[in-house]
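Text of model_6.txt, listed as compact mmCIF, C-alpha atoms:
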# COMPACT_ATOMS: atom_id res chain seq x y z
CA MET I 1 26.01 -26.74 -4.94
CA THR I 2 23.75 -24.17 -6.59
CA SER I 3 25.49 -21.49 -8.67
CA THR I 4 24.01 -18.25 -10.06
CA LEU I 5 25.88 -15.68 -12.12
CA LEU I 6 24.55 -12.11 -12.14
CA LYS I 7 25.96 -11.08 -15.51
CA GLY I 8 27.05 -7.62 -16.62
CA GLY I 9 25.19 -5.41 -14.17
CA HIS I 10 26.17 -1.95 -12.97
CA LEU I 11 27.54 -2.88 -9.56
CA ILE I 12 27.74 -0.11 -6.96
CA ASP I 13 29.24 -1.00 -3.59
CA PRO I 14 30.44 2.10 -1.71
CA ALA I 15 32.02 0.03 1.08
CA ALA I 16 34.22 -1.80 -1.43
CA ASN I 17 34.75 1.29 -3.61
CA LEU I 18 33.26 -0.53 -6.61
CA ASP I 19 31.31 1.30 -9.30
CA GLY I 20 31.28 -0.33 -12.73
CA ILE I 21 30.21 -3.27 -14.84
CA PHE I 22 30.84 -6.51 -12.97
CA ASP I 23 29.71 -10.11 -12.73
CA VAL I 24 28.74 -11.52 -9.35
CA LEU I 25 28.83 -15.27 -8.75
CA ILE I 26 26.61 -16.66 -5.98
CA GLN I 27 27.17 -20.19 -4.76
CA ASP I 28 24.59 -21.43 -2.28
CA SER I 29 24.38 -18.63 0.34
CA VAL I 30 27.69 -16.83 -0.26
CA ILE I 31 29.36 -14.55 -2.79
CA ALA I 32 31.90 -16.79 -4.58
CA ALA I 33 33.47 -14.28 -6.98
CA ILE I 34 33.23 -10.73 -8.31
CA GLY I 35 34.92 -9.62 -11.51
CA PRO I 36 34.56 -7.91 -14.90
CA ASP I 37 33.92 -11.20 -16.71
CA LEU I 38 33.52 -14.44 -14.79
CA SER I 39 32.03 -16.45 -17.66
CA PRO I 40 35.16 -18.53 -18.41
CA THR I 41 35.49 -19.68 -14.80
CA ILE I 42 31.94 -20.43 -13.71
CA PRO I 43 30.92 -23.97 -12.75
CA GLU I 44 28.94 -26.11 -15.16
CA HIS I 45 25.15 -25.74 -14.94
CA THR I 46 25.40 -22.24 -13.48
CA ASN I 47 22.18 -20.26 -13.77
CA ILE I 48 23.03 -17.08 -15.69
CA VAL I 49 20.90 -13.97 -14.95
CA ASP I 50 21.29 -11.12 -17.45
CA CYS I 51 21.69 -7.89 -15.44
CA LYS I 52 22.80 -5.63 -18.29
CA GLY I 53 21.44 -2.13 -17.71
CA LYS I 54 20.39 -2.99 -14.14
CA LEU I 55 21.82 -1.82 -10.84
CA VAL I 56 23.37 -4.61 -8.79
CA LEU I 57 23.71 -3.49 -5.18
CA PRO I 58 24.51 -5.00 -1.80
CA GLY I 59 21.28 -6.18 -0.21
CA LEU I 60 19.26 -3.10 0.72
CA ILE I 61 18.78 -2.26 4.41
CA ASP I 62 15.67 -0.35 5.48
CA THR I 63 16.55 1.44 8.71
CA HIS I 64 12.96 2.37 9.60
CA GLY I 65 10.22 -0.24 9.42
CA HIS I 66 7.02 -0.92 11.37
CA ILE I 67 6.51 -4.66 11.07
CA TYR I 68 5.18 -6.02 14.36
CA GLN I 69 2.15 -7.21 12.45
CA GLY I 70 -0.92 -8.02 14.52
CA VAL I 71 0.45 -6.46 17.72
CA THR I 72 0.95 -2.78 16.93
CA GLY I 73 -2.57 -2.17 15.60
CA ARG I 74 -2.67 -0.72 12.11
CA PHE I 75 0.98 0.29 12.34
CA GLY I 76 2.39 -3.18 11.79
CA LEU I 77 2.93 -4.35 8.21
CA ASN I 78 4.05 -7.74 6.95
CA ALA I 79 7.83 -7.94 7.08
CA ASP I 80 8.30 -9.82 3.81
CA MET I 81 5.95 -7.47 1.94
CA CYS I 82 8.18 -4.54 2.98
CA GLY I 83 11.30 -6.69 2.77
CA VAL I 84 12.32 -9.30 0.22
CA TYR I 85 9.20 -8.88 -1.95
CA SER I 86 10.09 -5.17 -2.23
CA GLY I 87 13.75 -5.85 -3.04
CA VAL I 88 14.96 -5.27 0.55
CA THR I 89 16.96 -7.94 2.37
CA THR I 90 17.14 -6.41 5.89
CA LEU I 91 14.51 -4.50 7.88
CA VAL I 92 15.01 -2.62 11.13
CA ASP I 93 11.78 -2.41 13.10
CA GLN I 94 11.65 0.97 14.85
CA GLY I 95 10.08 0.65 18.28
CA GLY I 96 7.45 -1.97 17.60
CA ALA I 97 8.71 -4.31 20.30
CA SER I 98 9.33 -3.40 23.94
CA CYS I 99 11.09 -5.21 26.75
CA ILE I 100 7.72 -6.88 27.41
CA THR I 101 6.89 -7.96 23.86
CA LEU I 102 10.36 -8.61 22.39
CA ALA I 103 10.12 -12.38 22.89
CA GLY I 104 6.95 -12.43 20.80
CA PHE I 105 8.61 -10.28 18.13
CA ARG I 106 11.43 -12.79 17.89
CA GLN I 107 9.11 -15.81 17.72
CA TYR I 108 6.34 -14.51 15.48
CA VAL I 109 8.12 -12.01 13.21
CA ILE I 110 11.86 -12.60 13.11
CA GLU I 111 11.75 -16.40 13.06
CA GLN I 112 8.81 -16.52 10.62
CA SER I 113 10.14 -14.04 8.04
CA LYS I 114 12.22 -14.65 4.92
CA THR I 115 13.62 -11.14 5.39
CA ARG I 116 16.33 -10.50 7.97
CA VAL I 117 14.60 -8.54 10.74
CA LEU I 118 16.30 -6.59 13.52
CA SER I 119 14.95 -4.38 16.29
CA TYR I 120 15.44 -0.89 17.60
CA LEU I 121 13.73 -1.66 20.88
CA SER I 122 11.07 0.75 22.14
CA ALA I 123 12.03 2.82 25.16
CA TYR I 124 8.37 2.55 26.23
CA LEU I 125 6.91 -0.47 27.99
CA VAL I 126 3.99 -0.70 25.57
CA GLY I 127 6.16 -0.50 22.47
CA GLY I 128 4.70 0.73 19.20
CA LEU I 129 1.00 0.52 19.92
CA GLU I 130 -1.29 3.15 18.45
CA GLY I 131 0.17 5.45 21.07
CA HIS I 132 -0.57 8.63 19.17
CA TYR I 133 -4.20 7.86 20.00
CA TYR I 134 -3.47 6.93 23.65
CA PRO I 135 -0.60 9.17 24.74
CA GLU I 136 -0.95 8.45 28.45
CA LEU I 137 0.64 5.06 27.72
CA TYR I 138 3.85 6.94 26.94
CA ARG I 139 4.24 9.10 30.05
CA PRO I 140 7.43 8.85 32.17
CA GLU I 141 5.86 6.27 34.50
CA CYS I 142 5.49 3.95 31.51
CA LEU I 143 9.23 3.53 31.00
CA ASP I 144 11.37 1.06 32.93
CA VAL I 145 15.04 1.78 32.44
CA ALA I 146 16.38 -1.34 34.16
CA ALA I 147 13.99 -3.75 32.43
CA THR I 148 14.65 -2.29 28.97
CA VAL I 149 18.41 -2.34 29.44
CA LYS I 150 18.21 -5.98 30.58
CA ALA I 151 16.08 -6.97 27.56
CA ALA I 152 18.50 -5.26 25.19
CA ASN I 153 21.55 -6.89 26.77
CA ASN I 154 19.93 -10.34 26.72
CA ASN I 155 19.00 -10.05 23.03
CA ARG I 156 22.05 -8.48 21.43
CA ASP I 157 21.69 -10.66 18.35
CA ILE I 158 18.52 -8.80 17.32
CA VAL I 159 18.46 -5.54 19.32
CA ARG I 160 20.65 -3.00 17.54
CA GLY I 161 19.39 0.23 19.18
CA LEU I 162 16.57 2.06 20.98
CA LYS I 163 13.63 4.11 19.66
CA ALA I 164 12.21 7.22 21.36
CA HIS I 165 10.15 10.29 20.46
CA ALA I 166 10.80 14.02 20.73
CA GLU I 167 7.71 15.85 19.52
CA ILE I 168 5.47 18.73 20.47
CA GLY I 169 2.72 16.62 21.99
CA GLY I 170 5.12 14.77 24.27
CA PHE I 171 6.97 17.90 25.37
CA ALA I 172 3.67 19.66 26.06
CA ARG I 173 2.65 16.82 28.37
CA TRP I 174 5.87 15.79 30.12
CA GLY I 175 8.63 18.20 29.17
CA VAL I 176 11.99 16.44 28.84
CA ASP I 177 11.29 13.69 31.40
CA VAL I 178 10.51 10.92 28.90
CA MET I 179 13.45 11.80 26.66
CA ARG I 180 15.82 11.87 29.62
CA LEU I 181 14.83 8.33 30.57
CA ALA I 182 15.10 7.12 26.97
CA THR I 183 18.61 8.50 26.58
CA GLN I 184 19.57 6.94 29.94
CA ILE I 185 18.54 3.55 28.52
CA GLY I 186 20.77 4.16 25.52
CA ARG I 187 23.77 5.03 27.65
CA GLU I 188 23.36 2.11 30.06
CA ALA I 189 22.80 -0.38 27.22
CA ASN I 190 25.57 1.22 25.14
CA LEU I 191 23.26 1.32 22.12
CA PRO I 192 22.36 4.12 19.71
CA VAL I 193 19.05 5.91 20.30
CA TYR I 194 16.90 6.75 17.27
CA ILE I 195 14.88 9.92 17.89
CA HIS I 196 11.62 10.78 16.13
CA PHE I 197 11.23 14.55 15.63
CA GLY I 198 8.03 16.34 14.63
CA GLN I 199 4.42 15.45 15.27
CA LEU I 200 3.30 12.09 16.63
CA TRP I 201 0.85 12.78 19.44
CA PRO I 202 -1.55 15.74 19.25
CA LYS I 203 -0.95 18.53 21.74
CA PRO I 204 -3.14 18.21 24.87
CA GLU I 205 -6.16 20.47 24.82
CA LYS I 206 -6.02 20.99 28.58
CA ASN I 207 -3.23 21.26 31.15
CA GLY I 208 -0.48 21.17 28.56
CA ARG I 209 2.74 23.17 28.64
CA ASP I 210 3.12 26.03 26.19
CA VAL I 211 5.94 24.64 24.06
CA ASN I 212 7.98 26.57 21.54
CA PRO I 213 8.62 23.94 18.82
CA ASP I 214 11.98 25.51 18.02
CA SER I 215 13.18 24.79 21.56
CA ILE I 216 12.81 21.01 21.31
CA PHE I 217 15.71 20.18 19.02
CA ASN I 218 18.48 21.71 21.13
CA GLN I 219 17.07 20.28 24.39
CA VAL I 220 17.14 16.78 22.95
CA VAL I 221 20.54 17.10 21.28
CA ASP I 222 22.08 18.10 24.59
CA MET I 223 21.05 14.69 26.03
CA LEU I 224 22.44 12.56 23.21
CA LYS I 225 25.75 10.77 22.65
CA PRO I 226 27.80 10.30 19.49
CA GLY I 227 26.21 7.71 17.21
CA ASP I 228 22.64 8.49 18.23
CA ILE I 229 20.31 9.11 15.28
CA LEU I 230 18.09 12.10 14.51
CA ALA I 231 15.15 11.11 12.31
CA HIS I 232 12.81 12.99 9.97
CA PRO I 233 15.05 15.91 8.88
CA PHE I 234 12.60 16.53 6.02
CA SER I 235 9.46 16.52 8.19
CA ARG I 236 6.57 18.80 7.32
CA HIS I 237 5.83 19.19 11.05
CA PRO I 238 7.39 21.79 13.37
CA GLY I 239 9.73 20.84 16.18
CA GLY I 240 12.59 19.41 14.14
CA PHE I 241 15.36 20.44 11.76
CA VAL I 242 13.60 23.51 10.35
CA GLU I 243 12.41 26.36 12.54
CA LEU I 244 9.04 28.07 12.28
CA ASN I 245 10.69 30.90 10.32
CA GLY I 246 11.69 28.42 7.58
CA SER I 247 15.41 28.34 8.41
CA LEU I 248 17.59 25.43 9.40
CA HIS I 249 17.70 25.07 13.17
CA PRO I 250 21.03 26.57 14.35
CA MET I 251 21.76 23.47 16.46
CA VAL I 252 21.81 21.06 13.48
CA GLU I 253 25.41 21.69 12.50
CA GLU I 254 26.49 21.41 16.13
CA ALA I 255 24.65 18.09 16.40
CA ILE I 256 26.54 16.73 13.40
CA ALA I 257 29.84 17.98 14.84
CA ARG I 258 29.05 16.05 18.03
CA GLY I 259 28.85 12.82 16.06
CA LEU I 260 25.08 12.46 15.76
CA LYS I 261 23.72 10.77 12.63
CA ILE I 262 20.69 11.60 10.47
CA ASP I 263 18.11 9.17 9.03
CA VAL I 264 15.53 10.40 6.51
CA GLY I 265 12.62 8.38 7.94
CA HIS I 266 10.59 9.08 4.78
CA GLY I 267 7.04 7.99 5.63
CA SER I 268 4.20 10.32 6.51
CA HIS I 269 6.39 13.26 7.50
CA PHE I 270 8.28 13.77 4.26
CA SER I 271 8.16 17.20 2.61
CA PHE I 272 10.00 18.25 -0.55
CA LYS I 273 9.93 21.89 0.64
CA THR I 274 11.57 21.03 3.95
CA ALA I 275 14.04 18.76 2.21
CA ARG I 276 15.10 21.61 -0.05
CA ILE I 277 15.78 23.87 2.95
CA VAL I 278 17.85 21.22 4.73
CA LEU I 279 19.81 20.08 1.69
CA ASP I 280 20.51 23.63 0.51
CA ALA I 281 22.02 24.29 3.94
CA GLY I 282 24.49 21.50 3.23
CA VAL I 283 23.01 18.89 5.57
CA ILE I 284 23.04 15.44 3.94
CA PRO I 285 21.37 12.53 5.78
CA ASP I 286 23.44 9.43 6.47
CA THR I 287 20.76 6.76 6.09
CA LEU I 288 17.36 6.33 4.46
CA GLY I 289 14.52 4.53 6.20
CA ALA I 290 11.22 4.16 4.35
CA ASP I 291 9.04 4.45 7.51
CA MET I 292 6.17 2.50 5.97
CA HIS I 293 3.27 1.57 8.23
CA GLY I 294 -0.42 0.87 8.07
CA TYR I 295 -1.43 4.52 8.11
CA ASN I 296 0.65 5.54 5.12
CA THR I 297 0.56 2.38 3.03
CA LYS I 298 -2.48 1.13 1.18
CA VAL I 299 -3.19 -2.11 2.99
CA PRO I 300 -6.37 -3.29 4.73
CA PRO I 301 -6.34 -2.89 8.54
CA PRO I 302 -5.95 -6.03 10.65
CA PRO I 303 -9.28 -7.68 11.55
CA GLY I 304 -10.78 -6.28 14.72
CA THR I 305 -9.11 -2.86 14.63
CA PRO I 306 -11.31 0.28 14.73
CA ASP I 307 -12.24 1.64 11.33
CA SER I 308 -11.57 5.23 12.31
CA HIS I 309 -10.50 7.51 15.12
CA PRO I 310 -11.23 11.20 15.81
CA ASP I 311 -7.55 12.06 15.35
CA GLU I 312 -6.99 9.97 12.23
CA GLU I 313 -6.96 12.95 9.88
CA VAL I 314 -3.95 14.27 11.78
CA HIS I 315 -1.91 11.21 10.92
CA ILE I 316 -3.23 9.94 7.61
CA PHE I 317 -0.74 9.95 4.76
CA LYS I 318 -1.44 12.86 2.43
CA GLY I 319 0.33 11.67 -0.68
CA SER I 320 0.61 8.42 -2.57
CA GLN I 321 -0.43 5.36 -0.60
CA ARG I 322 1.95 3.00 -2.36
CA PHE I 323 5.67 3.32 -1.83
CA SER I 324 8.79 1.43 -0.81
CA LEU I 325 12.39 1.90 0.19
CA VAL I 326 13.37 1.92 -3.47
CA SER I 327 10.84 4.63 -4.33
CA ALA I 328 12.24 6.63 -1.40
CA MET I 329 15.64 6.25 -3.08
CA SER I 330 14.12 7.76 -6.24
CA SER I 331 12.92 10.73 -4.18
CA MET I 332 16.47 11.30 -2.96
CA LEU I 333 17.76 11.25 -6.54
CA ALA I 334 15.07 13.71 -7.62
CA LEU I 335 16.24 16.05 -4.84
CA GLY I 336 19.73 16.01 -6.32
CA LEU I 337 21.61 13.56 -4.11
CA PRO I 338 24.20 11.58 -6.10
CA LEU I 339 23.44 7.93 -6.78
CA ASN I 340 26.51 6.66 -4.93
CA HIS I 341 25.47 8.43 -1.74
CA VAL I 342 21.87 7.21 -2.05
CA VAL I 343 23.20 3.66 -2.40
CA ALA I 344 25.47 4.15 0.62
CA MET I 345 22.45 5.36 2.65
CA VAL I 346 20.75 1.98 2.22
CA THR I 347 23.85 -0.25 2.28
CA SER I 348 27.17 0.62 3.96
CA ASN I 349 25.90 3.52 6.09
CA ALA I 350 22.86 1.52 7.18
CA ALA I 351 25.07 -1.44 8.08
CA ARG I 352 27.14 0.87 10.26
CA MET I 353 24.00 2.13 12.00
CA ILE I 354 23.03 -1.41 13.01
CA GLY I 355 26.55 -2.39 14.04
CA MET I 356 27.02 -4.84 11.15
CA GLU I 357 29.54 -2.95 9.04
CA GLY I 358 31.52 -5.34 6.85
CA LYS I 359 29.02 -8.14 7.32
CA LEU I 360 26.02 -6.53 5.63
CA GLY I 361 25.79 -3.64 3.17
CA THR I 362 28.67 -4.82 1.02
CA LEU I 363 29.47 -7.54 -1.51
CA LYS I 364 32.66 -9.46 -0.83
CA VAL I 365 33.98 -12.87 -1.71
CA GLY I 366 33.03 -15.27 1.07
CA GLY I 367 30.41 -12.87 2.40
CA ILE I 368 26.66 -13.32 2.74
CA ALA I 369 24.88 -13.44 -0.64
CA ASP I 370 22.51 -10.52 -0.01
CA VAL I 371 22.06 -8.72 -3.34
CA SER I 372 19.39 -6.32 -4.61
CA VAL I 373 18.86 -5.81 -8.36
CA LEU I 374 17.03 -2.67 -9.48
CA GLU I 375 15.69 -1.28 -12.72
CA ASP I 376 17.31 2.10 -13.51
CA LEU I 377 14.93 4.02 -15.74
CA ARG I 378 15.18 7.41 -17.50
CA GLY I 379 12.19 9.59 -18.35
CA ARG I 380 9.91 12.04 -16.57
CA TRP I 381 7.65 11.01 -13.70
CA VAL I 382 5.61 12.87 -11.10
CA LEU I 383 6.47 12.43 -7.42
CA ARG I 384 4.23 13.80 -4.66
CA ASP I 385 4.90 14.30 -0.99
CA ASN I 386 2.59 14.45 2.02
CA GLU I 387 1.73 18.10 1.30
CA LYS I 388 0.87 17.17 -2.31
CA THR I 389 3.86 19.13 -3.55
CA GLU I 390 4.96 17.73 -6.91
CA LEU I 391 8.49 17.11 -8.11
CA ILE I 392 9.55 15.79 -11.49
CA ALA I 393 11.92 12.83 -11.39
CA GLU I 394 14.03 12.10 -14.44
CA ARG I 395 15.53 8.94 -12.98
CA MET I 396 13.40 6.23 -11.43
CA LEU I 397 14.53 3.12 -9.59
CA GLN I 398 12.34 0.05 -9.28
CA PRO I 399 13.08 -3.23 -7.49
CA LEU I 400 13.28 -6.30 -9.73
CA PHE I 401 14.46 -9.07 -7.40
CA CYS I 402 16.84 -9.74 -4.57
CA TYR I 403 18.86 -12.60 -3.14
CA HIS I 404 18.83 -13.14 0.60
CA HIS I 405 21.38 -15.75 1.72
CA GLY I 406 21.44 -16.83 -1.91
CA GLU I 407 17.68 -17.40 -2.21
CA ARG I 408 15.94 -15.38 -4.92
CA PHE I 409 12.80 -13.33 -4.30
CA ASP I 410 11.04 -11.39 -7.05
CA ALA I 411 9.70 -7.92 -6.26
CA THR I 412 5.98 -8.71 -6.32
CA ALA I 413 4.71 -6.71 -3.31
CA THR I 414 1.31 -5.12 -3.94
CA ILE I 415 2.42 -1.92 -2.21
CA LEU I 416 5.02 -1.09 -4.85
CA PRO I 417 4.03 2.20 -6.51
CA GLU I 418 2.79 2.56 -10.05
CA LEU I 419 4.71 5.16 -12.05
CA GLU I 420 2.93 8.36 -13.08
CA VAL I 421 4.37 9.77 -16.30
CA ALA I 422 4.81 13.55 -16.32
Rendering of file as structure tokens:
Amino acid sequence: MTSTLLKGGHLIDPAANLDGIFDVLIQDSVIAAIGPDLSPTIPEHTNIVDCKGKLVLPGLIDTHGHIYQGVTGRFGLNADMCGVYSGVTTLVDQGGASCITLAGFRQYVIEQSKTRVLSYLSAYLVGGLEGHYYPELYRPECLDVAATVKAANNNRDIVRGLKAHAEIGGFARWGVDVMRLATQIGREANLPVYIHFGQLWPKPEKNGRDVNPDSIFNQVVDMLKPGDILAHPFSRHPGGFVELNGSLHPMVEEAIARGLKIDVGHGSHFSFKTARIVLDAGVIPDTLGADMHGYNTKVPPPPGTPDSHPDEEVHIFKGSQRFSLVSAMSSMLALGLPLNHVVAMVTSNAARMIGMEGKLGTLKVGGIADVSVLEDLRGRWVLRDNEKTELIAERMLQPLFCYHHGERFDATATILPELEVA
């Protein structure tokens, strides 16, 4: 039996109501003990890891990844680069796989990765291809409700929800038809639907509907069920949580009252200005997905993909090209969210979103040994969003290492950001 003692770290586990200095004993792939001082009781030859001054958290869960590498064009990143080598033990791929390509996702991503990988299955037959360049692949005729429901039901071990899009370009082309089919899939499969708001596809130059962006949010919310997820509340694009006049959309509070959840979906859409509007209105997101993909992360494109596209400037990431789930956590802290809530966003709340509450996102004796250890720094650093707006962060988190099923992985991913001192 292999034993490891994480000694004297600042353990925060919102699900277990723990926030203090604790030791955590890992034996093989499970948590064997948690306590203020386990040193007198540990087995002989235990590997002791000094975690003094570090944050010791339940294994982080990224609720918004794009990791169908090699299939989704430049969107798909390597799962372990975004996962265990960035301090994250569980990744939820958002819409990369469809009912057609899910078997390949299981065989070539899930089964090949050190990171735990789950799927929010695409509502669209083509899945997460570079559809913002080829929008006709995402018209109503390119959804198959029965086939997608069947694929979800036959793969419940990995399919935890559905992914769909509600944005100006789609509404200008097809109105609510695509969204209506996507929400029908969610109801028939009894799975949550994760909705992208804001810009994805450009508006059609010809034969497109004249869409008021402020009308999209309420139309979509009226189709949804409790537990469905609204993404990108801090988007810089119109058509989401903030109206064109700069005010919170009046339907947001009603959506929350109806039991809908909110995921940050950081990525290319994130705006500090929009975040300030939403947070000042008292709207606090439930979960935090990094939304990293090949257009907003500094990685070389897969061999054989086009070097450029006429619409690329619309989608290219405007800020830093190196980030991670943990750096997204630092952004939340800089915006004033309390540390305990930020931790809950990527642990207990995220586990609830994927239907694994109590199994993941918490540390408990006899439970899976998924643990993330972070550096917790104080100072002054510059953060930039996609609009190049700057914010000064006085607290910065950085991943050091994680344990997934008891196996240690150091945070060595090349995409991890370099700190810029203010």
### Query
In terms of the shortest atom-to-atom distance over all atoms listed in the file, which of I:Gln107, I:Leu400, I:Lys114, I:Leu6 is closest to I:Ala32?
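Among the listed residues, I:Leu6 lies closest to I:Ala32.
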At a cut-off of 9 Å, can you tabulate as a tab-separated table every residue of stretch 91-151 of chain I near stretch 159-180 of chain I together with its closest atom pair and the distance in Å to one decimal, using all atoms listed in the file and ordering rows by chain then number?
residue	atom	partner	partner_atom	distance
I:Val92	CA	I:Arg160	CA	8.5
I:Gln94	CA	I:Lys163	CA	6.1
I:Gly95	CA	I:Lys163	CA	5.1
I:Gly96	CA	I:Lys163	CA	8.9
I:Leu118	CA	I:Val159	CA	6.3
I:Ser119	CA	I:Val159	CA	4.8
I:Tyr120	CA	I:Gly161	CA	4.4
I:Leu121	CA	I:Leu162	CA	4.7
I:Ser122	CA	I:Lys163	CA	4.9
I:Ala123	CA	I:Ala164	CA	5.8
I:Tyr124	CA	I:Ala164	CA	7.8
I:Pro135	CA	I:Gly170	CA	8.0
I:Tyr138	CA	I:Val178	CA	8.0
I:Arg139	CA	I:Val178	CA	6.6
I:Pro140	CA	I:Val178	CA	4.9
I:Glu141	CA	I:Val178	CA	8.6
I:Cys142	CA	I:Val178	CA	9.0
I:Leu143	CA	I:Val178	CA	7.8
I:Ala151	CA	I:Val159	CA	8.7
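Between atom CA of I:Pro417 and atom CA of I:Arg378 there is a distance of 16.5 Å.
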### Task
Just give me the gap between atom CA of I:Thr347 and atom CA of I:Arg187 in Å, one decimal is fine.
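Interatomic distance here is 25.9 Å.
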Write out, as JSON lines, each residue of stretch 356-395 of chain I that has an atom at most 7 Å from stretch 52-73 of chain I, together with the closest pair of atoms and their distance in Å to one decimal, counting only C-alpha atoms, rows going by chain and rising number.
{"residue": "I:Gly361", "atom": "CA", "partner": "I:Pro58", "partner_atom": "CA", "distance": 5.3}
{"residue": "I:Thr362", "atom": "CA", "partner": "I:Pro58", "partner_atom": "CA", "distance": 5.0}
{"residue": "I:Leu363", "atom": "CA", "partner": "I:Pro58", "partner_atom": "CA", "distance": 5.6}
{"residue": "I:Asp370", "atom": "CA", "partner": "I:Gly59", "partner_atom": "CA", "distance": 4.5}
{"residue": "I:Val371", "atom": "CA", "partner": "I:Gly59", "partner_atom": "CA", "distance": 4.1}
{"residue": "I:Ser372", "atom": "CA", "partner": "I:Gly59", "partner_atom": "CA", "distance": 4.8}
{"residue": "I:Val373", "atom": "CA", "partner": "I:Val56", "partner_atom": "CA", "distance": 4.7}
{"residue": "I:Leu374", "atom": "CA", "partner": "I:Leu55", "partner_atom": "CA", "distance": 5.1}
{"residue": "I:Glu375", "atom": "CA", "partner": "I:Lys54", "partner_atom": "CA", "distance": 5.2}
{"residue": "I:Asp376", "atom": "CA", "partner": "I:Lys54", "partner_atom": "CA", "distance": 6.0}
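Atom to atom, atom CA of I:Gly239 and atom CA of I:Pro202 stand 12.8 Å apart.
Around I:Ala411, within 10 Å and counting only C-alpha atoms, the residues found are Met81, Cys82, Gly83, Val84, Tyr85, Ser86, Gly87, Val88, Ser372, Val373, Leu374, Gln398, Pro399, Leu400, Phe401, Cys402, Arg408, Phe409, Ala413, Thr414 and Leu416 of chain I, once anything fewer than 2 positions away on its own chain is removed.
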### Query
Hey, which of I:Ile277, I:Leu5, I:Met292, I:Val49 ends up closest to I:Asp37? Count only C-alpha atoms.
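Counting only C-alpha atoms, the residue closest to I:Asp37 is I:Leu5.
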#### Entry: Spatial neighbours of I:Thr101, 9 Å, all atoms listed in the file, chain gap at least 6 places, as a VMD selection string
chain I and resid 125 to 127
### Task
May I ask which of the residues I:Glu205, I:Asp19, I:Thr89, I:Gly355 is the closest one to I:Asp410, counting only C-alpha atoms?
I:Thr89
### Message
Please determine, counting all atoms listed in the file, which residue among I:Ile216, I:Ile284, I:Met356, I:Val343 has the shortest atom-to-atom distance to I:Phe234.
### Response
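Smallest distance to I:Phe234 is found for I:Ile284.
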### Query
Between I:Leu102, I:Ala231, I:Ile158, I:Ile368, which has the minimum distance to I:Thr287 (counting all atoms listed in the file)?
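Ranking I:Leu102, I:Ala231, I:Ile158, I:Ile368 by distance to I:Thr287, first place goes to I:Ala231.
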